[in-house]
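Novice: To start, I am sharing the structure in question, which I have written as structure tokens.
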Amino acid sequence: MNHDVEKLWELQQALTELGSLEHRLTIKPEEFSSVDDQYTAASDERGRLTQSIEDLSRERRRVDGALQDQQEVLKKYQGQLMLVKNQQQYAAAWKEIDGARRQAKELEEAELKVMADVEGAQQQIEDGSGGFDQLKEQYEQAHEAWQHSLGDLRTEIEKLRVKIEAIEQSVPESLKREFHKIFKQRQGIAVARVINESCGACRVHIRPAVSQQLKRGEMVFCEGCRRLLYGEKVAP
Ligand SMILES: [Zn+2]
């Protein structure tokens, strides 16, 4: 039996358990999950309203700019009105003034509508803010209760991490690196147990020569999946 491989086997067991415990940390309990969903939906809605206020405000600035331009145009033609020399020029200037006034009026109406929309969205945020604050408080309490309930799990995880570190320190650095490389590439199984003369991970048969190497305590890789082989437990 190769003792380094034995340690790596133990390391693998500990890492697998750590993975499943860490996963349990992320599973939301029902009590938290429902308030979490509500809070997330309410936050999204608020975010959407805030965004629409920003968009509308930008639109308002654009309309306002266009309105000022139009008022300049209007002033220009009103100035020309003073300088006309005949009825024809007078009529032409009036036509321009009319057009500019009409456009300015349209822009003013557009600006009023945008302002009303901004107010509407702001009102919606304000109306919802009492409920939102309450929901946020519920969310924070539920989150804290959930995190608090994970205390034992965290202690277990901490113990496992200490154990993992101790095992890692007891194996040669290069072997540790090799182990982690395979562990990552091969779905969390770097060391495969030999079961009935076959690789426990990929089921490829272990040739007698390889079996002999294992028995001599050599480090052997599976010919099927390139994982480290961990010899069959010999009955005492
Ligand atoms: Zn294999």
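Labeling convention for the structure tokens: chains A, B, ... as they appear, residues from 1 per chain, ligands from 1 in order of appearance.
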Please, which residues have at least one atom within 7 Å of an atom of ligand 1, using only C-alpha atoms and all ligand atoms, listed as a ChimeraX atom specification?
Specialist: /A:192,199-204,222-227
Novice: Once you have the residues from the selection above, write them out as a PDB file, in the first residue's frame, restricted to all heavy atoms.
Specialist:
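selection-v3.pdb written:
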ATOM      1  N   ALA A 192      -8.848   6.689  -7.756  1.00  0.00           N
ATOM      2  CA  ALA A 192      -9.915   5.711  -7.930  1.00  0.00           C
ATOM      3  C   ALA A 192      -9.542   4.423  -7.213  1.00  0.00           C
ATOM      4  O   ALA A 192      -8.401   3.953  -7.283  1.00  0.00           O
ATOM      5  CB  ALA A 192     -10.143   5.440  -9.410  1.00  0.00           C
ATOM      6  N   CYS A 199     -10.814  -0.500 -12.361  1.00  0.00           N
ATOM      7  CA  CYS A 199     -10.800   0.880 -11.854  1.00  0.00           C
ATOM      8  C   CYS A 199     -12.201   1.236 -11.367  1.00  0.00           C
ATOM      9  O   CYS A 199     -13.171   1.095 -12.117  1.00  0.00           O
ATOM     10  CB  CYS A 199     -10.364   1.827 -12.970  1.00  0.00           C
ATOM     11  SG  CYS A 199     -10.666   3.570 -12.586  1.00  0.00           S
ATOM     12  N   GLY A 200     -12.300   1.708 -10.132  1.00  0.00           N
ATOM     13  CA  GLY A 200     -13.598   2.054  -9.557  1.00  0.00           C
ATOM     14  C   GLY A 200     -14.254   3.254 -10.228  1.00  0.00           C
ATOM     15  O   GLY A 200     -15.454   3.477 -10.068  1.00  0.00           O
ATOM     16  N   ALA A 201     -13.474   4.035 -10.980  1.00  0.00           N
ATOM     17  CA  ALA A 201     -14.054   5.218 -11.613  1.00  0.00           C
ATOM     18  C   ALA A 201     -14.490   4.936 -13.047  1.00  0.00           C
ATOM     19  O   ALA A 201     -15.577   5.325 -13.452  1.00  0.00           O
ATOM     20  CB  ALA A 201     -13.057   6.368 -11.590  1.00  0.00           C
ATOM     21  N   CYS A 202     -13.630   4.250 -13.820  1.00  0.00           N
ATOM     22  CA  CYS A 202     -13.981   4.061 -15.234  1.00  0.00           C
ATOM     23  C   CYS A 202     -14.218   2.596 -15.602  1.00  0.00           C
ATOM     24  O   CYS A 202     -14.550   2.296 -16.742  1.00  0.00           O
ATOM     25  CB  CYS A 202     -12.913   4.659 -16.145  1.00  0.00           C
ATOM     26  SG  CYS A 202     -11.407   3.664 -16.260  1.00  0.00           S
ATOM     27  N   ARG A 203     -14.053   1.705 -14.642  1.00  0.00           N
ATOM     28  CA  ARG A 203     -14.359   0.270 -14.820  1.00  0.00           C
ATOM     29  C   ARG A 203     -13.380  -0.479 -15.729  1.00  0.00           C
ATOM     30  O   ARG A 203     -13.620  -1.627 -16.062  1.00  0.00           O
ATOM     31  CB  ARG A 203     -15.791   0.047 -15.370  1.00  0.00           C
ATOM     32  CG  ARG A 203     -16.871   0.776 -14.615  1.00  0.00           C
ATOM     33  CD  ARG A 203     -17.263   0.055 -13.351  1.00  0.00           C
ATOM     34  NE  ARG A 203     -18.023   0.975 -12.481  1.00  0.00           N
ATOM     35  CZ  ARG A 203     -18.021   0.920 -11.174  1.00  0.00           C
ATOM     36  NH1 ARG A 203     -17.323  -0.003 -10.538  1.00  0.00           N
ATOM     37  NH2 ARG A 203     -18.710   1.775 -10.462  1.00  0.00           N
ATOM     38  N   VAL A 204     -12.334   0.195 -16.155  1.00  0.00           N
ATOM     39  CA  VAL A 204     -11.352  -0.511 -17.005  1.00  0.00           C
ATOM     40  C   VAL A 204     -10.618  -1.562 -16.162  1.00  0.00           C
ATOM     41  O   VAL A 204     -10.276  -1.321 -15.003  1.00  0.00           O
ATOM     42  CB  VAL A 204     -10.366   0.499 -17.640  1.00  0.00           C
ATOM     43  CG1 VAL A 204      -9.053  -0.176 -18.034  1.00  0.00           C
ATOM     44  CG2 VAL A 204     -10.997   1.148 -18.864  1.00  0.00           C
ATOM     45  N   CYS A 222      -4.447   4.686 -13.727  1.00  0.00           N
ATOM     46  CA  CYS A 222      -5.352   3.827 -14.487  1.00  0.00           C
ATOM     47  C   CYS A 222      -5.065   3.998 -15.975  1.00  0.00           C
ATOM     48  O   CYS A 222      -4.889   5.121 -16.449  1.00  0.00           O
ATOM     49  CB  CYS A 222      -6.802   4.197 -14.178  1.00  0.00           C
ATOM     50  SG  CYS A 222      -7.980   3.425 -15.279  1.00  0.00           S
ATOM     51  N   GLU A 223      -5.051   2.879 -16.696  1.00  0.00           N
ATOM     52  CA  GLU A 223      -4.769   2.955 -18.127  1.00  0.00           C
ATOM     53  C   GLU A 223      -5.992   3.453 -18.910  1.00  0.00           C
ATOM     54  O   GLU A 223      -5.886   3.810 -20.072  1.00  0.00           O
ATOM     55  CB  GLU A 223      -4.317   1.581 -18.636  1.00  0.00           C
ATOM     56  CG  GLU A 223      -2.954   1.224 -18.074  1.00  0.00           C
ATOM     57  CD  GLU A 223      -2.513  -0.197 -18.373  1.00  0.00           C
ATOM     58  OE1 GLU A 223      -3.304  -1.133 -18.128  1.00  0.00           O
ATOM     59  OE2 GLU A 223      -1.382  -0.365 -18.858  1.00  0.00           O
ATOM     60  N   GLY A 224      -7.142   3.440 -18.255  1.00  0.00           N
ATOM     61  CA  GLY A 224      -8.354   3.911 -18.918  1.00  0.00           C
ATOM     62  C   GLY A 224      -8.581   5.403 -18.722  1.00  0.00           C
ATOM     63  O   GLY A 224      -8.810   6.136 -19.681  1.00  0.00           O
ATOM     64  N   CYS A 225      -8.483   5.891 -17.483  1.00  0.00           N
ATOM     65  CA  CYS A 225      -8.881   7.287 -17.214  1.00  0.00           C
ATOM     66  C   CYS A 225      -7.749   8.142 -16.655  1.00  0.00           C
ATOM     67  O   CYS A 225      -7.954   9.322 -16.387  1.00  0.00           O
ATOM     68  CB  CYS A 225     -10.079   7.308 -16.261  1.00  0.00           C
ATOM     69  SG  CYS A 225      -9.700   6.660 -14.608  1.00  0.00           S
ATOM     70  N   ARG A 226      -6.561   7.584 -16.480  1.00  0.00           N
ATOM     71  CA  ARG A 226      -5.377   8.312 -15.999  1.00  0.00           C
ATOM     72  C   ARG A 226      -5.533   8.828 -14.571  1.00  0.00           C
ATOM     73  O   ARG A 226      -4.843   9.768 -14.167  1.00  0.00           O
ATOM     74  CB  ARG A 226      -4.990   9.489 -16.930  1.00  0.00           C
ATOM     75  CG  ARG A 226      -4.850   9.164 -18.398  1.00  0.00           C
ATOM     76  CD  ARG A 226      -3.926   8.012 -18.687  1.00  0.00           C
ATOM     77  NE  ARG A 226      -2.570   8.177 -18.145  1.00  0.00           N
ATOM     78  CZ  ARG A 226      -1.695   7.183 -17.993  1.00  0.00           C
ATOM     79  NH1 ARG A 226      -2.036   5.953 -18.297  1.00  0.00           N
ATOM     80  NH2 ARG A 226      -0.490   7.414 -17.522  1.00  0.00           N
ATOM     81  N   ARG A 227      -6.441   8.220 -13.825  1.00  0.00           N
ATOM     82  CA  ARG A 227      -6.529   8.598 -12.413  1.00  0.00           C
ATOM     83  C   ARG A 227      -5.534   7.747 -11.619  1.00  0.00           C
ATOM     84  O   ARG A 227      -5.139   6.669 -12.068  1.00  0.00           O
ATOM     85  CB  ARG A 227      -7.941   8.357 -11.878  1.00  0.00           C
ATOM     86  CG  ARG A 227      -8.989   9.325 -12.406  1.00  0.00           C
ATOM     87  CD  ARG A 227     -10.329   9.021 -11.790  1.00  0.00           C
ATOM     88  NE  ARG A 227     -11.337  10.010 -12.152  1.00  0.00           N
ATOM     89  CZ  ARG A 227     -12.231   9.849 -13.134  1.00  0.00           C
ATOM     90  NH1 ARG A 227     -12.250   8.737 -13.847  1.00  0.00           N
ATOM     91  NH2 ARG A 227     -13.101  10.786 -13.400  1.00  0.00           N
TER      92      ARG A 227
END
Novice: Which residues, written as a list of chain:residue names, have at least one atom at most 9 Å from segment 112-128 of chain A, with only C-alpha atoms counted and residues fewer than 4 positions away on the same chain left out?
Specialist: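 Listing them by chain and then by number gives A:Arg46, A:Leu49, A:Thr50, A:Ser52, A:Ile53, A:Glu54, A:Leu56, A:Ser57, A:Glu59, A:Arg60, A:Leu107, A:Glu108, A:Phe132, A:Asp133.
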Novice: Excluding Glu6 of chain A and any residue of its chain fewer than 4 positions from it, enumerate the residues within 9 Å of it, using only C-alpha atoms, and give them as a PyMOL selection string.
Specialist: chain A and resi 1-2+10-11+230-231
Novice: Quick one: distance from atom CA of Trp146 of chain A to atom CA of Val162 of chain A in Å, one decimal?
Specialist: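 So the answer is 24.7 Å.
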Novice: For segment 62-75 of chain A, please output as a list of chain:residue names all residues within 9 Å (counting only C-alpha atoms; exclusion window: fewer than 5 positions along the same chain).
Specialist: A:Ser57, A:Gln80, A:Glu96, A:Ile97, A:Asp98, A:Gly99, A:Ala100, A:Arg101, A:Gln103, A:Ala104, A:Lys105, A:Glu106, A:Leu107, A:Glu108, A:Ala110, A:Glu111
Novice: Could you jot down the atom CA of Ile167 of chain A to atom CA of Phe179 of chain A separation for me, Å, one decimal place?
Specialist: 12.4 Å
